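The structure file protein-v9.cif is reproduced below (mmCIF, N, CA and C atoms).
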data_work
loop_
_atom_site.label_atom_id
_atom_site.label_comp_id
_atom_site.auth_asym_id
_atom_site.auth_seq_id
_atom_site.Cartn_x
_atom_site.Cartn_y
_atom_site.Cartn_z
N MET A 1 0.85 -1.17 0.00
CA MET A 1 0.00 0.00 0.00
C MET A 1 0.89 1.23 0.00
N PRO A 2 0.63 2.18 -0.87
CA PRO A 2 1.43 3.40 -0.86
C PRO A 2 1.21 4.19 0.42
N TYR A 3 2.21 4.90 0.82
CA TYR A 3 2.14 5.68 2.06
C TYR A 3 0.96 6.64 2.06
N SER A 4 0.63 7.18 0.91
CA SER A 4 -0.47 8.15 0.83
C SER A 4 -1.82 7.52 1.18
N GLN A 5 -1.92 6.18 1.11
CA GLN A 5 -3.16 5.49 1.43
C GLN A 5 -3.13 4.85 2.82
N PHE A 6 -2.01 4.98 3.50
CA PHE A 6 -1.86 4.35 4.82
C PHE A 6 -2.68 5.09 5.87
N THR A 7 -3.51 4.34 6.57
CA THR A 7 -4.21 4.86 7.75
C THR A 7 -4.25 3.75 8.79
N ILE A 8 -4.33 4.14 10.03
CA ILE A 8 -4.45 3.15 11.10
C ILE A 8 -5.73 2.33 10.91
N GLU A 9 -6.81 2.99 10.54
CA GLU A 9 -8.08 2.27 10.34
C GLU A 9 -7.94 1.20 9.25
N LYS A 10 -7.24 1.52 8.16
CA LYS A 10 -7.05 0.55 7.08
C LYS A 10 -6.22 -0.64 7.54
N VAL A 11 -5.16 -0.38 8.29
CA VAL A 11 -4.33 -1.45 8.81
C VAL A 11 -5.13 -2.33 9.77
N LYS A 12 -5.91 -1.69 10.65
CA LYS A 12 -6.74 -2.46 11.58
C LYS A 12 -7.70 -3.37 10.82
N GLN A 13 -8.30 -2.84 9.78
CA GLN A 13 -9.26 -3.61 8.99
C GLN A 13 -8.56 -4.73 8.22
N ASP A 14 -7.48 -4.43 7.53
CA ASP A 14 -6.79 -5.42 6.71
C ASP A 14 -6.18 -6.56 7.53
N PHE A 15 -5.69 -6.25 8.72
CA PHE A 15 -5.03 -7.26 9.55
C PHE A 15 -5.88 -7.72 10.73
N HIS A 16 -7.14 -7.29 10.76
CA HIS A 16 -8.08 -7.70 11.82
C HIS A 16 -7.50 -7.43 13.21
N LEU A 17 -7.02 -6.21 13.40
CA LEU A 17 -6.40 -5.82 14.66
C LEU A 17 -7.37 -5.02 15.52
N THR A 18 -7.19 -5.15 16.81
CA THR A 18 -7.89 -4.34 17.79
C THR A 18 -6.86 -3.41 18.41
N THR A 19 -7.21 -2.16 18.64
CA THR A 19 -6.26 -1.26 19.28
C THR A 19 -6.73 -0.91 20.69
N VAL A 20 -5.74 -0.79 21.56
CA VAL A 20 -5.95 -0.32 22.92
C VAL A 20 -5.06 0.89 23.05
N GLU A 21 -5.63 2.08 23.20
CA GLU A 21 -4.84 3.30 23.21
C GLU A 21 -4.89 3.97 24.57
N GLY A 22 -3.82 4.67 24.88
CA GLY A 22 -3.76 5.45 26.10
C GLY A 22 -3.47 4.63 27.34
N VAL A 23 -3.02 3.39 27.15
CA VAL A 23 -2.72 2.53 28.29
C VAL A 23 -1.21 2.36 28.37
N ARG A 24 -0.67 2.64 29.52
CA ARG A 24 0.76 2.42 29.72
C ARG A 24 0.95 0.96 30.11
N PHE A 25 1.75 0.23 29.34
CA PHE A 25 1.94 -1.19 29.64
C PHE A 25 3.23 -1.47 30.40
N PHE A 26 4.01 -0.43 30.68
CA PHE A 26 5.20 -0.60 31.50
C PHE A 26 4.81 -0.59 32.98
N PRO A 27 5.47 -1.42 33.78
CA PRO A 27 5.20 -1.35 35.22
C PRO A 27 5.70 -0.03 35.81
N ASP A 28 5.12 0.37 36.93
CA ASP A 28 5.51 1.62 37.58
C ASP A 28 6.87 1.52 38.27
N SER A 29 7.34 0.31 38.50
CA SER A 29 8.55 0.14 39.31
C SER A 29 9.76 -0.30 38.49
N ILE A 30 10.02 0.36 37.38
CA ILE A 30 11.20 0.04 36.58
C ILE A 30 12.38 0.84 37.11
N GLU A 31 13.50 0.13 37.32
CA GLU A 31 14.71 0.81 37.79
C GLU A 31 15.38 1.56 36.65
N PRO A 32 15.89 2.76 36.91
CA PRO A 32 16.61 3.49 35.87
C PRO A 32 17.84 2.73 35.40
N VAL A 33 18.15 2.83 34.13
CA VAL A 33 19.31 2.16 33.54
C VAL A 33 20.21 3.22 32.92
N THR A 34 21.49 3.13 33.22
CA THR A 34 22.46 4.04 32.63
C THR A 34 23.13 3.34 31.47
N LEU A 35 23.28 4.03 30.36
CA LEU A 35 23.88 3.45 29.16
C LEU A 35 25.37 3.24 29.36
N SER A 36 25.78 2.00 29.15
CA SER A 36 27.21 1.68 29.16
C SER A 36 27.59 1.21 27.77
N ASN A 37 28.88 1.10 27.51
CA ASN A 37 29.32 0.60 26.20
C ASN A 37 28.80 -0.81 25.96
N ARG A 38 28.81 -1.64 26.99
CA ARG A 38 28.31 -3.02 26.85
C ARG A 38 26.83 -3.02 26.49
N LEU A 39 26.03 -2.23 27.20
CA LEU A 39 24.60 -2.16 26.92
C LEU A 39 24.35 -1.64 25.51
N GLN A 40 25.10 -0.66 25.09
CA GLN A 40 24.94 -0.11 23.74
C GLN A 40 25.21 -1.19 22.70
N ASN A 41 26.26 -1.99 22.89
CA ASN A 41 26.58 -3.08 21.96
C ASN A 41 25.48 -4.12 21.94
N ILE A 42 24.94 -4.46 23.09
CA ILE A 42 23.86 -5.45 23.17
C ILE A 42 22.63 -4.94 22.43
N LEU A 43 22.26 -3.69 22.66
CA LEU A 43 21.06 -3.14 22.01
C LEU A 43 21.23 -3.07 20.50
N GLU A 44 22.44 -2.88 20.03
CA GLU A 44 22.67 -2.82 18.59
C GLU A 44 22.60 -4.20 17.95
N GLU A 45 23.05 -5.25 18.66
CA GLU A 45 23.15 -6.58 18.09
C GLU A 45 21.95 -7.47 18.39
N LEU A 46 21.20 -7.18 19.42
CA LEU A 46 20.15 -8.08 19.88
C LEU A 46 19.03 -8.32 18.88
N PRO A 47 18.47 -7.31 18.22
CA PRO A 47 17.38 -7.61 17.28
C PRO A 47 17.78 -8.60 16.20
N TRP A 48 18.98 -8.46 15.67
CA TRP A 48 19.45 -9.38 14.65
C TRP A 48 19.59 -10.79 15.22
N ALA A 49 20.16 -10.91 16.42
CA ALA A 49 20.36 -12.22 17.04
C ALA A 49 19.02 -12.90 17.32
N ILE A 50 18.05 -12.16 17.80
CA ILE A 50 16.72 -12.73 18.08
C ILE A 50 16.06 -13.19 16.79
N ALA A 51 16.13 -12.39 15.75
CA ALA A 51 15.51 -12.75 14.48
C ALA A 51 16.13 -14.02 13.92
N VAL A 52 17.45 -14.12 13.93
CA VAL A 52 18.13 -15.31 13.41
C VAL A 52 17.77 -16.53 14.24
N ASP A 53 17.77 -16.40 15.56
CA ASP A 53 17.45 -17.51 16.45
C ASP A 53 16.01 -18.00 16.25
N ASN A 54 15.07 -17.08 16.18
CA ASN A 54 13.67 -17.47 16.00
C ASN A 54 13.43 -18.09 14.64
N GLU A 55 14.08 -17.56 13.61
CA GLU A 55 13.92 -18.14 12.28
C GLU A 55 14.48 -19.57 12.25
N ALA A 56 15.63 -19.77 12.87
CA ALA A 56 16.25 -21.10 12.89
C ALA A 56 15.37 -22.10 13.64
N LYS A 57 14.69 -21.66 14.67
CA LYS A 57 13.83 -22.54 15.47
C LYS A 57 12.42 -22.64 14.93
N GLY A 58 12.10 -21.81 13.94
CA GLY A 58 10.74 -21.82 13.40
C GLY A 58 9.71 -21.36 14.41
N GLN A 59 10.09 -20.45 15.29
CA GLN A 59 9.20 -19.98 16.35
C GLN A 59 8.64 -18.61 16.02
N ALA A 60 7.36 -18.47 16.30
CA ALA A 60 6.74 -17.15 16.17
C ALA A 60 7.05 -16.33 17.41
N ILE A 61 7.06 -15.04 17.27
CA ILE A 61 7.29 -14.15 18.41
C ILE A 61 5.92 -13.74 18.93
N PRO A 62 5.56 -14.12 20.18
CA PRO A 62 4.21 -13.85 20.69
C PRO A 62 3.92 -12.38 20.96
N VAL A 63 4.93 -11.62 21.34
CA VAL A 63 4.75 -10.19 21.62
C VAL A 63 5.86 -9.43 20.92
N VAL A 64 5.48 -8.38 20.21
CA VAL A 64 6.45 -7.53 19.53
C VAL A 64 6.28 -6.12 20.08
N TYR A 65 7.38 -5.56 20.57
CA TYR A 65 7.37 -4.19 21.08
C TYR A 65 7.96 -3.27 20.03
N GLY A 66 7.50 -2.05 20.01
CA GLY A 66 8.02 -1.09 19.05
C GLY A 66 8.03 0.30 19.63
N THR A 67 8.70 1.18 18.92
CA THR A 67 8.77 2.57 19.34
C THR A 67 8.77 3.47 18.11
N VAL A 68 8.26 4.65 18.30
CA VAL A 68 8.32 5.70 17.30
C VAL A 68 8.99 6.88 17.99
N THR A 69 9.96 7.46 17.32
CA THR A 69 10.69 8.54 17.96
C THR A 69 11.05 9.63 16.97
N SER A 70 11.05 10.84 17.49
CA SER A 70 11.58 11.97 16.72
C SER A 70 13.04 12.18 17.09
N GLY A 71 13.51 11.40 18.04
CA GLY A 71 14.86 11.56 18.57
C GLY A 71 14.84 12.15 19.96
N THR A 72 13.90 13.08 20.20
CA THR A 72 13.77 13.67 21.53
C THR A 72 12.45 13.30 22.19
N GLN A 73 11.47 12.85 21.42
CA GLN A 73 10.19 12.39 21.95
C GLN A 73 10.01 10.93 21.54
N TRP A 74 9.60 10.09 22.48
CA TRP A 74 9.43 8.67 22.23
C TRP A 74 8.02 8.23 22.60
N ARG A 75 7.45 7.32 21.80
CA ARG A 75 6.20 6.62 22.10
C ARG A 75 6.44 5.14 21.90
N PHE A 76 5.69 4.33 22.64
CA PHE A 76 5.89 2.89 22.61
C PHE A 76 4.58 2.18 22.28
N LEU A 77 4.74 0.99 21.68
CA LEU A 77 3.57 0.16 21.40
C LEU A 77 3.95 -1.30 21.59
N LYS A 78 2.89 -2.11 21.70
CA LYS A 78 3.05 -3.55 21.89
C LYS A 78 2.04 -4.25 20.99
N LEU A 79 2.50 -5.22 20.20
CA LEU A 79 1.63 -6.06 19.38
C LEU A 79 1.62 -7.44 20.00
N GLU A 80 0.43 -7.87 20.42
CA GLU A 80 0.28 -9.18 21.04
C GLU A 80 -0.90 -9.86 20.38
N GLY A 81 -0.62 -10.87 19.57
CA GLY A 81 -1.69 -11.50 18.81
C GLY A 81 -2.25 -10.50 17.82
N GLN A 82 -3.53 -10.23 17.93
CA GLN A 82 -4.19 -9.28 17.03
C GLN A 82 -4.49 -7.96 17.72
N THR A 83 -3.87 -7.71 18.86
CA THR A 83 -4.13 -6.48 19.62
C THR A 83 -2.88 -5.62 19.69
N ILE A 84 -3.02 -4.37 19.28
CA ILE A 84 -1.93 -3.40 19.40
C ILE A 84 -2.26 -2.48 20.56
N THR A 85 -1.37 -2.41 21.54
CA THR A 85 -1.52 -1.48 22.65
C THR A 85 -0.59 -0.30 22.38
N ILE A 86 -1.15 0.90 22.34
CA ILE A 86 -0.39 2.10 22.02
C ILE A 86 -0.36 3.01 23.24
N ASP A 87 0.83 3.22 23.77
CA ASP A 87 1.00 4.15 24.89
C ASP A 87 1.08 5.55 24.29
N LEU A 88 0.07 6.37 24.52
CA LEU A 88 -0.01 7.69 23.90
C LEU A 88 0.82 8.75 24.63
N MET A 89 1.48 8.36 25.71
CA MET A 89 2.32 9.28 26.45
C MET A 89 3.59 9.57 25.66
N ASP A 90 3.96 10.85 25.55
CA ASP A 90 5.24 11.22 24.94
C ASP A 90 6.29 11.22 26.04
N TYR A 91 7.35 10.45 25.83
CA TYR A 91 8.46 10.39 26.78
C TYR A 91 9.61 11.19 26.20
N SER A 92 10.11 12.15 26.98
CA SER A 92 11.16 13.06 26.51
C SER A 92 12.54 12.49 26.73
N LEU A 93 13.43 12.91 25.87
CA LEU A 93 14.84 12.56 25.98
C LEU A 93 15.62 13.85 25.83
N PRO A 94 16.44 14.29 26.73
CA PRO A 94 16.79 13.66 27.99
C PRO A 94 15.67 13.77 29.04
N PRO A 95 15.75 13.03 30.13
CA PRO A 95 16.84 12.14 30.53
C PRO A 95 16.75 10.79 29.81
N VAL A 96 17.87 10.17 29.60
CA VAL A 96 17.94 8.92 28.85
C VAL A 96 17.58 7.70 29.71
N GLU A 97 17.68 7.81 31.02
CA GLU A 97 17.51 6.65 31.90
C GLU A 97 16.14 6.00 31.77
N LEU A 98 15.07 6.79 31.68
CA LEU A 98 13.72 6.22 31.59
C LEU A 98 13.54 5.46 30.28
N ILE A 99 14.00 6.04 29.17
CA ILE A 99 13.89 5.38 27.86
C ILE A 99 14.68 4.08 27.88
N LEU A 100 15.89 4.11 28.41
CA LEU A 100 16.69 2.89 28.51
C LEU A 100 16.02 1.85 29.38
N SER A 101 15.38 2.30 30.45
CA SER A 101 14.67 1.37 31.33
C SER A 101 13.55 0.66 30.58
N PHE A 102 12.81 1.41 29.76
CA PHE A 102 11.74 0.81 28.96
C PHE A 102 12.30 -0.21 27.97
N LEU A 103 13.40 0.15 27.30
CA LEU A 103 13.99 -0.75 26.31
C LEU A 103 14.48 -2.04 26.97
N VAL A 104 15.13 -1.93 28.11
CA VAL A 104 15.61 -3.11 28.83
C VAL A 104 14.43 -3.95 29.30
N TRP A 105 13.38 -3.30 29.79
CA TRP A 105 12.20 -4.04 30.24
C TRP A 105 11.59 -4.83 29.07
N MET A 106 11.51 -4.21 27.89
CA MET A 106 10.96 -4.90 26.73
C MET A 106 11.80 -6.11 26.36
N LEU A 107 13.11 -6.01 26.48
CA LEU A 107 13.98 -7.14 26.17
C LEU A 107 13.81 -8.28 27.16
N LYS A 108 13.52 -7.95 28.41
CA LYS A 108 13.39 -8.98 29.45
C LYS A 108 11.97 -9.51 29.59
N ALA A 109 10.98 -8.80 29.06
CA ALA A 109 9.57 -9.17 29.25
C ALA A 109 9.29 -10.56 28.69
N ASP A 110 8.40 -11.26 29.36
CA ASP A 110 8.01 -12.61 28.91
C ASP A 110 7.11 -12.54 27.72
#

Encoded form (structure tokens):
Amino acid sequence: MPYSQFTIEKVKQDFHLTTVEGVRFFPDSIEPVTLSNRLQNILEELPWAIAVDNEAKGQAIPVVYGTVTSGTQWRFLKLEGQTITIDLMDYSLPPVELILSFLVWMLKAD
């Protein structure tokens, strides 16, 4: 579909998705994370490693987390089955610790 025809309603209809908006799916008790060189390397390599591992095992990913960012404003979403949960809160950067905490939580989430 060309970008000019893209709408959330069309995607919901075509993929039979339900949306849940305005719900924060992160727990309130996430510890702040400070970016280290090791963490930066892990975050850069992990998506590729997960994709290769899941493809090799023939496993579907039950929950997919995503983010949209302007670089200084971040929003998060979660796709679980046919339901997309969209956190409508804009998270500012800086400070970086909260954003990193969310990213680490998504990597560790079941």

Measuring between all atoms listed in the file, which one of A:Val63, A:Leu93, A:Ile30, A:Val20 shows the shortest distance to A:Leu79? A:Val63

For a quick check of understanding, using only C-alpha atoms, which of A:Lys10, A:Lys78, A:Lys108, A:Lys57 has the smallest distance to A:Val23? A:Lys78

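Using only N, CA and C atoms for every distance, the candidate list A:Thr85, A:Thr34, A:Thr72, A:Thr67 yields A:Thr34 as the residue closest to A:Leu100.
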
Do you know which residues are at most 8 Å from A:Ile61 counting only N, CA and C atoms, after dropping those on the same chain fewer than 3 positions away, and could you put them as a list in words?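 So, after excluding close chain neighbours, the residues are Asn54, Gly58, Val64, Leu79, Glu80 and Gly81 of chain A.
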
Between atom N of A:Ser36 and atom C of A:Val104 - distance in Å to one decimal: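 For atom C of A:Val104 relative to atom N of A:Ser36, the distance reads 12.8 Å.
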
For atom N of A:Phe15 and atom C of A:Gly66, the interatomic separation in Å (one decimal):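 A separation of 18.7 Å between them.
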
Using the chain letters and numbers from this file, what does the PyMOL selection byres (((chain A and resi 103 and name CA) around 10) and name CA) select? Give the answer as a CSV table (one decimal) with N, CA and C atoms, in the frame of the given file.
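Below is the file out11.csv, written as the result:
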chain,number,residue,atom,x,y,z
A,33,VAL,N,18.2,2.8,34.1
A,33,VAL,CA,19.3,2.2,33.5
A,33,VAL,C,20.2,3.2,32.9
A,43,LEU,N,22.3,-3.7,22.7
A,43,LEU,CA,21.1,-3.1,22.0
A,43,LEU,C,21.2,-3.1,20.5
A,65,TYR,N,7.4,-5.6,20.6
A,65,TYR,CA,7.4,-4.2,21.1
A,65,TYR,C,8.0,-3.3,20.0
A,66,GLY,N,7.5,-2.0,20.0
A,66,GLY,CA,8.0,-1.1,19.0
A,66,GLY,C,8.0,0.3,19.6
A,67,THR,N,8.7,1.2,18.9
A,67,THR,CA,8.8,2.6,19.3
A,67,THR,C,8.8,3.5,18.1
A,76,PHE,N,5.7,4.3,22.6
A,76,PHE,CA,5.9,2.9,22.6
A,76,PHE,C,4.6,2.2,22.3
A,97,GLU,N,17.7,7.8,31.0
A,97,GLU,CA,17.5,6.6,31.9
A,97,GLU,C,16.1,6.0,31.8
A,98,LEU,N,15.1,6.8,31.7
A,98,LEU,CA,13.7,6.2,31.6
A,98,LEU,C,13.5,5.5,30.3
A,99,ILE,N,14.0,6.0,29.2
A,99,ILE,CA,13.9,5.4,27.9
A,99,ILE,C,14.7,4.1,27.9
A,100,LEU,N,15.9,4.1,28.4
A,100,LEU,CA,16.7,2.9,28.5
A,100,LEU,C,16.0,1.8,29.4
A,101,SER,N,15.4,2.3,30.4
A,101,SER,CA,14.7,1.4,31.3
A,101,SER,C,13.6,0.7,30.6
A,102,PHE,N,12.8,1.4,29.8
A,102,PHE,CA,11.7,0.8,29.0
A,102,PHE,C,12.3,-0.2,28.0
A,104,VAL,N,15.1,-1.9,28.1
A,104,VAL,CA,15.6,-3.1,28.8
A,104,VAL,C,14.4,-4.0,29.3
A,105,TRP,N,13.4,-3.3,29.8
A,105,TRP,CA,12.2,-4.0,30.2
A,105,TRP,C,11.6,-4.8,29.1
A,106,MET,N,11.5,-4.2,27.9
A,106,MET,CA,11.0,-4.9,26.7
A,106,MET,C,11.8,-6.1,26.4
A,107,LEU,N,13.1,-6.0,26.5
A,107,LEU,CA,14.0,-7.1,26.2
A,107,LEU,C,13.8,-8.3,27.2
A,108,LYS,N,13.5,-8.0,28.4
A,108,LYS,CA,13.4,-9.0,29.4
A,108,LYS,C,12.0,-9.5,29.6
A,109,ALA,N,11.0,-8.8,29.1
A,109,ALA,CA,9.6,-9.2,29.2
A,109,ALA,C,9.3,-10.6,28.7

What gap, in Å, lies between atom CA of A:Gln59 and atom CA of A:Phe6?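 Computing it gives 29.1 Å between the two atoms.
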
With distances taken over all atoms listed in the file, which residue among A:Gln5, A:Gln13, A:Thr18, A:Asp28 lies nearest A:Gln82?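 Among the listed residues, A:Thr18 lies closest to A:Gln82.
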
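Of the residues under consideration (A:Val68, A:Ala56, A:Val11, A:Met89), A:Met89 shows the shortest atom-to-atom contact distance to A:Phe26 when counting only C-alpha atoms.
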